[in-house]
Structures are given as C-alpha cells and as structure tokens.
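Text of run.cif (mmCIF, C-alpha atoms) as supplied:
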```
data_query
loop_
_atom_site.label_atom_id
_atom_site.label_comp_id
_atom_site.auth_asym_id
_atom_site.auth_seq_id
_atom_site.Cartn_x
_atom_site.Cartn_y
_atom_site.Cartn_z
CA MET A 1 71.19 118.79 117.17
CA ILE A 2 70.91 117.00 120.52
CA ASP A 3 70.59 113.42 119.36
CA GLN A 4 72.98 113.45 116.43
CA ARG A 5 74.43 109.96 116.31
CA VAL A 6 78.13 109.29 115.94
CA ILE A 7 79.30 106.44 113.76
CA PHE A 8 82.92 105.32 113.56
CA ILE A 9 83.95 103.59 110.35
CA THR A 10 87.43 102.20 109.77
CA GLY A 11 88.97 102.10 106.30
CA THR A 12 87.04 105.06 104.92
CA ARG A 13 89.40 106.29 102.21
CA LYS A 14 87.88 104.16 99.47
CA GLY A 15 85.61 101.26 98.61
CA ILE A 16 82.84 100.20 100.96
CA GLY A 17 84.15 102.41 103.78
CA ARG A 18 83.98 105.51 101.61
CA TYR A 19 80.50 104.61 100.42
CA LEU A 20 79.29 104.00 103.98
CA SER A 21 80.77 107.32 105.14
CA GLU A 22 78.81 109.22 102.52
CA TYR A 23 75.72 107.11 103.14
CA TYR A 24 75.65 107.87 106.89
CA LEU A 25 76.58 111.52 106.36
CA ASP A 26 73.46 111.71 104.19
CA LYS A 27 71.56 110.32 107.17
CA ASN A 28 72.80 113.29 109.19
CA MET A 29 75.18 111.33 111.37
CA ILE A 30 78.58 112.50 112.52
CA VAL A 31 81.00 110.18 110.77
CA CYS A 32 84.47 109.56 112.16
CA GLY A 33 86.68 107.65 109.80
CA CYS A 34 90.23 106.46 109.58
CA SER A 35 92.64 105.10 107.04
CA ARG A 36 96.38 104.89 106.68
CA SER A 37 96.42 107.97 104.48
CA GLU A 38 94.59 111.20 103.91
CA SER A 39 91.00 111.27 102.71
CA ASP A 40 89.59 113.61 100.11
CA LEU A 41 86.14 113.36 101.66
CA LYS A 42 85.24 116.84 102.83
CA HIS A 43 82.06 117.32 104.81
CA PRO A 44 81.32 119.39 107.93
CA ASN A 45 80.24 116.23 109.77
CA TYR A 46 83.15 114.06 108.63
CA TYR A 47 86.25 113.72 110.80
CA HIS A 48 89.18 111.85 109.34
CA PHE A 49 92.09 110.30 111.24
CA GLU A 50 95.22 109.12 109.51
CA VAL A 51 95.57 106.05 111.65
CA ASP A 52 96.52 102.49 110.86
CA VAL A 53 94.21 100.21 112.87
CA THR A 54 97.10 97.81 113.44
CA ASP A 55 98.80 100.44 115.61
CA GLU A 56 97.20 99.86 119.00
CA LYS A 57 98.53 103.03 120.63
CA SER A 58 97.24 105.21 117.81
CA VAL A 59 93.87 103.46 117.99
CA ILE A 60 93.60 104.19 121.73
CA LYS A 61 94.48 107.84 121.15
CA MET A 62 92.12 108.21 118.21
CA VAL A 63 89.16 106.77 120.11
CA SER A 64 89.95 109.03 123.09
CA ASN A 65 90.02 112.04 120.80
CA VAL A 66 86.68 111.16 119.26
CA LEU A 67 85.13 110.72 122.70
CA LYS A 68 86.60 113.98 123.96
CA LYS A 69 85.11 115.83 121.03
CA HIS A 70 81.77 114.09 120.54
CA ARG A 71 81.25 112.45 123.96
CA ARG A 72 79.73 109.39 122.31
CA ILE A 73 80.15 106.70 119.71
CA ASP A 74 76.88 105.00 118.86
CA TYR A 75 78.06 102.66 116.13
CA LEU A 76 81.33 101.09 115.11
CA LEU A 77 81.84 99.55 111.68
CA ASN A 78 85.09 97.58 111.53
CA ASN A 79 85.35 97.83 107.79
CA ALA A 80 89.12 98.22 107.32
CA GLY A 81 90.51 95.14 105.70
CA VAL A 82 93.22 93.86 103.44
CA ALA A 83 93.16 90.84 101.17
CA SER A 84 95.73 88.44 99.90
CA MET A 85 94.88 86.21 96.99
CA ASN A 86 97.47 83.54 96.52
CA HIS A 87 98.01 79.82 96.83
CA SER A 88 99.11 78.84 100.34
CA LEU A 89 102.31 77.34 98.95
CA LEU A 90 103.21 80.72 97.53
CA THR A 91 102.25 82.82 100.57
CA PRO A 92 105.02 84.05 102.86
CA GLN A 93 104.31 84.33 106.57
CA VAL A 94 104.74 88.08 106.44
CA THR A 95 101.67 88.28 104.18
CA VAL A 96 99.63 86.21 106.63
CA GLU A 97 100.74 88.50 109.44
CA LYS A 98 99.81 91.61 107.47
CA VAL A 99 96.33 90.28 106.74
CA PHE A 100 95.74 89.23 110.35
CA LYS A 101 97.08 92.51 111.72
CA THR A 102 94.52 94.62 109.91
CA ASN A 103 91.55 92.26 109.72
CA VAL A 104 91.76 90.63 113.13
CA PHE A 105 93.97 92.69 115.43
CA GLY A 106 92.57 95.98 114.09
CA THR A 107 89.02 94.76 114.65
CA PHE A 108 89.97 93.61 118.13
CA SER A 109 91.61 96.86 119.29
CA MET A 110 88.97 99.11 117.79
CA SER A 111 86.17 97.06 119.33
CA ARG A 112 87.81 96.97 122.75
CA GLU A 113 88.44 100.69 122.89
CA VAL A 114 85.04 101.72 121.57
CA ALA A 115 83.10 99.12 123.56
CA LYS A 116 84.54 100.43 126.83
CA PHE A 117 82.77 103.69 126.26
CA MET A 118 79.66 102.22 124.72
CA ALA A 119 79.47 100.20 127.93
CA LYS A 120 79.35 103.42 129.95
CA ASN A 121 76.32 104.52 127.94
CA LYS A 122 74.79 101.05 128.18
CA ARG A 123 74.21 100.98 124.44
CA GLY A 124 76.10 100.51 121.23
CA ARG A 125 76.28 98.59 118.00
CA ILE A 126 79.37 97.01 116.52
CA VAL A 127 79.38 95.59 113.03
CA ASN A 128 82.35 93.57 111.86
CA PHE A 129 83.24 92.62 108.33
CA SER A 130 83.57 88.97 107.44
CA SER A 131 83.49 87.66 103.90
CA VAL A 132 81.97 84.80 101.95
CA ALA A 133 85.58 83.60 101.61
CA ALA A 134 85.23 82.14 105.13
CA PRO A 135 82.16 79.86 104.73
CA LEU A 136 83.11 78.97 101.15
CA ASN A 137 86.65 77.99 102.20
CA LEU A 138 87.91 79.67 99.06
CA GLU A 139 91.05 78.23 97.52
CA GLY A 140 93.72 80.82 96.98
CA GLU A 141 92.54 82.87 99.93
CA SER A 142 93.78 80.93 102.93
CA ALA A 143 95.18 83.92 104.84
CA TYR A 144 92.23 86.15 104.05
CA ALA A 145 89.56 83.49 104.73
CA ALA A 146 91.26 82.45 107.98
CA SER A 147 91.38 86.07 109.13
CA LYS A 148 87.69 86.49 108.36
CA ALA A 149 86.85 83.26 110.20
CA SER A 150 88.66 84.81 113.16
CA VAL A 151 86.58 87.96 112.79
CA GLU A 152 83.44 85.80 112.96
CA GLN A 153 84.69 84.17 116.15
CA LEU A 154 85.46 87.56 117.67
CA THR A 155 81.99 88.71 116.69
CA LYS A 156 80.32 85.85 118.53
CA ILE A 157 82.42 86.19 121.68
CA PHE A 158 82.11 89.99 121.75
CA ALA A 159 78.35 89.46 121.43
CA LYS A 160 78.39 87.40 124.61
CA GLU A 161 80.86 89.53 126.55
CA PHE A 162 79.31 92.88 125.64
CA ALA A 163 75.65 91.83 125.96
CA THR A 164 75.56 92.84 129.59
CA TYR A 165 76.39 96.42 128.55
CA GLY A 166 73.62 96.72 125.96
CA ILE A 167 76.08 96.42 123.09
CA THR A 168 75.32 94.18 120.15
CA CYS A 169 77.98 92.80 117.85
CA ASN A 170 77.21 91.29 114.47
CA ALA A 171 79.00 90.77 111.19
CA ILE A 172 78.23 91.12 107.53
CA GLY A 173 79.86 88.84 105.00
CA PRO A 174 79.75 90.56 101.64
CA SER A 175 79.85 88.52 98.48
CA PRO A 176 81.97 90.00 95.66
CA ILE A 177 81.45 93.71 95.07
CA TYR A 178 83.43 95.75 92.58
CA THR A 179 86.00 97.44 94.81
CA ASP A 180 89.79 97.67 94.89
CA LEU A 181 89.85 94.62 97.17
CA ILE A 182 89.07 92.31 94.28
CA LYS A 183 90.58 94.34 91.44
CA ASN A 184 93.30 91.73 90.91
CA VAL A 185 90.94 88.77 90.88
CA GLY A 186 90.17 87.50 87.40
CA LYS A 187 86.64 87.77 86.01
CA ASP A 188 86.43 83.99 85.58
CA LYS A 189 87.25 83.55 89.28
CA ILE A 190 84.52 85.99 90.30
CA ASP A 191 82.05 84.29 87.94
CA ASP A 192 82.89 80.89 89.46
CA LEU A 193 82.34 82.30 92.91
CA ILE A 194 78.99 83.81 92.00
CA LYS A 195 77.87 80.45 90.61
CA ARG A 196 78.25 79.05 94.14
CA GLN A 197 75.77 81.61 95.53
CA ALA A 198 72.02 81.01 95.66
CA LEU A 199 71.61 84.47 94.13
CA LYS A 200 73.76 84.70 91.03
CA ASN A 201 74.45 88.42 91.21
CA ILE A 202 77.38 90.57 92.13
CA ALA A 203 76.52 92.46 95.30
CA THR A 204 76.13 96.21 95.54
CA MET A 205 77.11 98.80 98.10
CA GLU A 206 73.39 99.23 98.83
CA ASP A 207 73.20 95.55 99.82
CA VAL A 208 75.89 96.25 102.41
CA SER A 209 74.28 99.37 103.86
CA ASN A 210 70.93 97.56 103.99
CA VAL A 211 72.33 94.86 106.28
CA ILE A 212 74.20 97.40 108.39
CA ASP A 213 71.05 99.50 108.76
CA PHE A 214 69.34 96.40 110.10
CA PHE A 215 72.13 95.63 112.57
CA ILE A 216 72.40 99.18 113.91
CA SER A 217 68.69 99.88 114.07
CA ASP A 218 67.32 100.81 117.51
CA LEU A 219 64.87 97.96 116.92
CA SER A 220 67.66 95.38 116.61
CA SER A 221 68.52 95.17 120.30
CA SER A 222 67.76 91.42 120.20
CA ILE A 223 70.08 90.74 117.28
CA THR A 224 73.61 89.85 118.30
CA GLY A 225 76.34 87.36 117.43
CA GLN A 226 74.89 86.94 113.95
CA ILE A 227 76.67 86.73 110.63
CA ILE A 228 74.70 87.71 107.52
CA TYR A 229 76.18 86.81 104.16
CA LEU A 230 75.11 88.48 100.98
CA GLY A 231 74.25 86.55 97.85
CA GLY A 232 72.62 83.55 99.47
CA ILE A 233 75.62 81.82 101.00
CA PHE A 234 74.83 79.41 103.83
CA MET B 235 97.04 115.35 139.16
CA THR B 236 98.73 114.09 142.33
CA ILE B 237 98.78 110.50 143.53
CA ASN B 238 96.43 111.52 146.36
CA GLU B 239 93.91 112.85 143.88
CA ILE B 240 94.23 109.68 141.80
CA THR B 241 93.68 107.57 144.93
CA LYS B 242 90.62 109.60 145.87
CA SER B 243 89.18 109.12 142.38
CA ILE B 244 89.72 105.36 142.54
CA ILE B 245 88.16 105.10 146.00
CA SER B 246 85.15 107.10 144.91
CA ILE B 247 84.66 105.03 141.72
CA VAL B 248 85.08 101.70 143.50
CA SER B 249 82.73 102.76 146.34
CA GLU B 250 80.12 103.90 143.87
CA TYR B 251 80.37 100.63 141.97
CA LEU B 252 80.13 98.49 145.12
CA GLU B 253 77.12 100.48 146.30
CA SER B 254 75.42 99.96 142.94
CA GLN B 255 75.95 96.22 143.46
CA GLY B 256 74.56 96.37 146.97
CA THR B 257 77.89 95.25 148.39
CA GLY B 258 79.14 98.56 149.73
CA SER B 259 81.90 98.38 152.32
CA ASP B 260 84.50 100.68 153.80
CA ILE B 261 87.42 100.90 151.47
CA ASP B 262 90.82 102.47 151.74
CA VAL B 263 94.19 102.30 149.99
CA LYS B 264 94.79 98.78 151.26
CA THR B 265 91.51 97.40 149.94
CA VAL B 266 92.18 94.40 147.75
CA LEU B 267 90.54 94.85 144.36
CA PHE B 268 91.59 91.73 142.53
CA GLY B 269 92.69 88.25 143.51
CA LYS B 270 92.26 86.54 146.89
CA ASN B 271 89.88 88.33 149.30
CA ALA B 272 89.05 90.92 146.66
CA VAL B 273 86.01 93.17 146.79
CA LEU B 274 85.54 92.82 143.03
CA ASP B 275 84.83 89.81 140.86
CA SER B 276 86.24 89.70 137.32
CA MET B 277 83.26 91.56 135.82
CA GLY B 278 83.51 94.10 138.60
CA LEU B 279 87.12 94.72 137.66
CA VAL B 280 86.13 95.22 134.00
CA ASN B 281 83.55 97.79 135.10
CA ILE B 282 86.07 99.62 137.28
CA VAL B 283 88.56 99.76 134.38
CA ILE B 284 85.87 101.25 132.14
CA ASP B 285 84.79 103.77 134.79
CA LEU B 286 88.35 104.81 135.59
CA GLU B 287 89.39 105.30 131.98
CA SER B 288 86.34 107.41 131.22
CA HIS B 289 86.70 109.37 134.47
CA PHE B 290 90.25 110.36 133.58
CA LEU B 291 89.29 111.04 129.97
CA ASP B 292 86.61 113.45 131.28
CA ASN B 293 89.50 115.25 132.95
CA ASP B 294 91.48 115.25 129.69
CA ILE B 295 93.86 112.57 130.94
CA GLU B 296 94.35 109.59 128.69
CA ILE B 297 95.23 106.34 130.39
CA SER B 298 95.08 102.78 129.16
CA LEU B 299 94.67 100.15 131.81
CA THR B 300 94.68 97.31 129.29
CA SER B 301 98.29 97.89 128.29
CA GLU B 302 100.63 94.96 128.02
CA SER B 303 102.74 96.33 130.84
CA ALA B 304 99.68 96.23 133.12
CA MET B 305 98.76 92.68 132.21
CA SER B 306 102.24 91.19 132.23
CA ARG B 307 103.54 92.48 135.56
CA LYS B 308 104.40 89.87 138.14
CA GLN B 309 102.46 91.85 140.73
CA SER B 310 99.17 92.96 139.18
CA PRO B 311 98.67 96.72 139.36
CA PHE B 312 95.01 95.95 140.02
CA ARG B 313 95.80 94.21 143.31
CA THR B 314 94.92 97.07 145.66
CA ILE B 315 93.75 100.66 145.47
CA ALA B 316 97.31 101.77 146.28
CA THR B 317 98.99 99.68 143.54
CA LEU B 318 96.41 100.85 141.01
CA ALA B 319 96.94 104.49 141.97
CA GLU B 320 100.66 104.03 141.57
CA PHE B 321 100.21 102.44 138.16
CA ILE B 322 97.95 105.25 136.93
CA ASN B 323 100.38 107.81 138.31
CA GLU B 324 103.18 106.19 136.26
CA GLN B 325 101.05 106.36 133.13
CA ILE B 326 100.25 110.02 133.56
CA LYS B 327 103.89 111.02 134.01
#
```

Is it possible to give me this structure as structure tokens?
Amino acid sequence: MIDQRVIFITGTRKGIGRYLSEYYLDKNMIVCGCSRSESDLKHPNYYHFEVDVTDEKSVIKMVSNVLKKHRRIDYLLNNAGVASMNHSLLTPQVTVEKVFKTNVFGTFSMSREVAKFMAKNKRGRIVNFSSVAAPLNLEGESAYAASKASVEQLTKIFAKEFATYGITCNAIGPSPIYTDLIKNVGKDKIDDLIKRQALKNIATMEDVSNVIDFFISDLSSSITGQIIYLGGIF
Amino acid sequence: MTINEITKSIISIVSEYLESQGTGSDIDVKTVLFGKNAVLDSMGLVNIVIDLESHFLDNDIEISLTSESAMSRKQSPFRTIATLAEFINEQIK
C-alpha cells in the first residue's frame, strides 16, 4: 500500500479519540494514538503509545518513533483534553495548570513536533479541539473555556506560521456529546446549554468526524485558521 | 558520529538551503548563521532546524534543537556552523 496515509490522534483510549481511531482505521489509514495508559484497541494498523502529551520529552521521542517507522504523518488530531467544571472561586491553581498542560501545552508540543516533519513534505493537516465552552463563555468552566480559547489562538497563529509549508491548521468546537468528559455535568446543565444552540440537539461522534473529514480533505488546501462549532454556535 | 561528520552535515544542509534560495555562498565553520551578518533570516533558520532534525533522524539520531537549553543560552548555539555542531555533538553524547 504505497499511499497509505498516517493519522496521529492524541487521547485515543476513550471517547471521541477512540471513535476517531476506529473511524480512520476503517478508512484504511495507519492510526497512531496515544494516551496516558494502555489501550485495548487492537488492530494491525493501530499503534498505541503510552505517552502523556504534557511530557514534552516523551512527545518528541514518540513523534520521532512514528516518523522512523512510517516516514510520514499526514494528519494530526490534537484531541487529548481534560475538563474542569467548577466555579472559579472554588478552583485551585493546580487545576488550572492541569487543564492548560494537557489542552494547551500538549497541543503546542504535538503540533510543533509533527509540523516540523509535515513541513519537510510540504503538506499536512492539523486539527485542534476547541469547545463551545469558549464562545459561550460558560460559567463554571473558566479554566476549561480559557484553555480552549488558547487552543483557538494557537490554531490561528499556527495557520499563519505553517501556511508557507503547505500545512493547514483548523479547529473543531464540539457541542456536548455523551462522553466521559461531561459525565459529571448534570442533565439540566446540558439541556440549558443546548437551548443556547441554534440546533437544539446533542451532537454525535459522526458530527465530529464529518467536520474533521472536511478539514483533512485533499480538497481543503484553502481552508486554514478556521474554527467550526457544532450545534449552531456563532 | 564525530563532530567533523556533524559539521559536514550542517555545511551541506545550509549550502543546499542557500542554493535553493538563490543566495548560495561559500560557507565554512565560521559562517554566521544567526544574528548580525548572518546568512540566514529567521525563516531560513527555522528551515535549517527542520532539515537538520530530519537529517539526523534519517540516520537514527534523535536531536531536538528547540530545547530550552538551546533557546536560553547566553551565546546562541545557532550563531555559527561551529557552535551549532558543538551543540548537536553535546546532544548526541
């Protein structure tokens, strides 16, 4: 298989990352994934790394290993993320740091390391993960929403800096989806949130892969620095 | 890999890059890469970092030129071909 594409997805053990891994394996891609612990996803084209994206040295080594083995990374999905749902007055700094380390610093290091080698090939697609928590300025999610706003800013600046190398960088902002990330959020809170969307539905995994398919398409070379929210948030 | 081999690799990568930019010139260990009177602009330096890291990776040598120690040194390791070779040599050891 000469043109088998390689996609790197962070945070693949569960939730959206797990879904996307299986989705792109079904599309005959080589999927490289990472999470802080082992994965039970077994597939001949799936390569798992037990790496925490906040550990810069491990990230550098992991990306090198992927490149040594596969010689290419076509797509990077910076999906790994952690949430913190709490009132600002009840949020210790250590929680803010934890959220920023994974969501912002992890996205930064992964993008830098992968983009260096995408730049060599003069092509590549990076998709970051924002959230509707950022544009909606959600109460009770200050650390999380601020980290996602930072991800959006990184997305736009990466888009400019990497454009010269044929790399696009965009972000998806999912509206609520039933995953572990929101398992501790009350149903009334989710219902309130959905009322603020133009489309009053909970999003699905397929909604996420649809947007990512658009961003990573060979035809999307003119799409960069864009944030697409699900659910009709604008 | 010896420091001479590292130096040769850097010279070859920098020469190739400068030629691709139509600004080829004779370069040696004293050639200034970054800062005053440098042969590279900031984007040129980014390109050289990318090319060097992937060149060494092709030879199964992992180096990271964006490490904090590289960026925080008083004397930038990117200043000349010689200082860069020395810095890479330290990383490989």

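On the file presented, the PyMOL selection byres ((chain B) within 8 of (chain A)) picks out Ile284, Asp285, Ser288, Leu291, Asp292, Asp294, Glu296 and Ser298 of chain B.
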
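Picture a line from atom CA of Met305 of chain B to atom CA of Asn103 of chain A; it runs 23.6 Å.
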
Given the file shown, determine the residues that the PyMOL selection byres ((chain A and resi 96) around 9) selects; report them as a VMD selection string.
chain A and resid 84 91 to 95 97 to 101 142 to 144 147

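The set of residues that the PyMOL selection byres ((chain B and resi 274-281) around 9) takes from this file is A:Lys116, A:Ala119, A:Lys120, B:Val248, B:Tyr251, B:Leu252, B:Val266, B:Leu267, B:Phe268, B:Gly269, B:Asn271, B:Ala272, B:Val273, B:Ile282, B:Val283, B:Ile284, B:Asp285, B:Leu286, B:Phe312.
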
Using all atoms listed in the file, determine which residues lie at most 7 Å from segment 257-263 of chain B, disregarding the query and same-chain residues fewer than 2 positions distant; provide the list as an NGL selection string.
:B and (245 or 249 or 252-253 or 255 or 265 or 314-316)
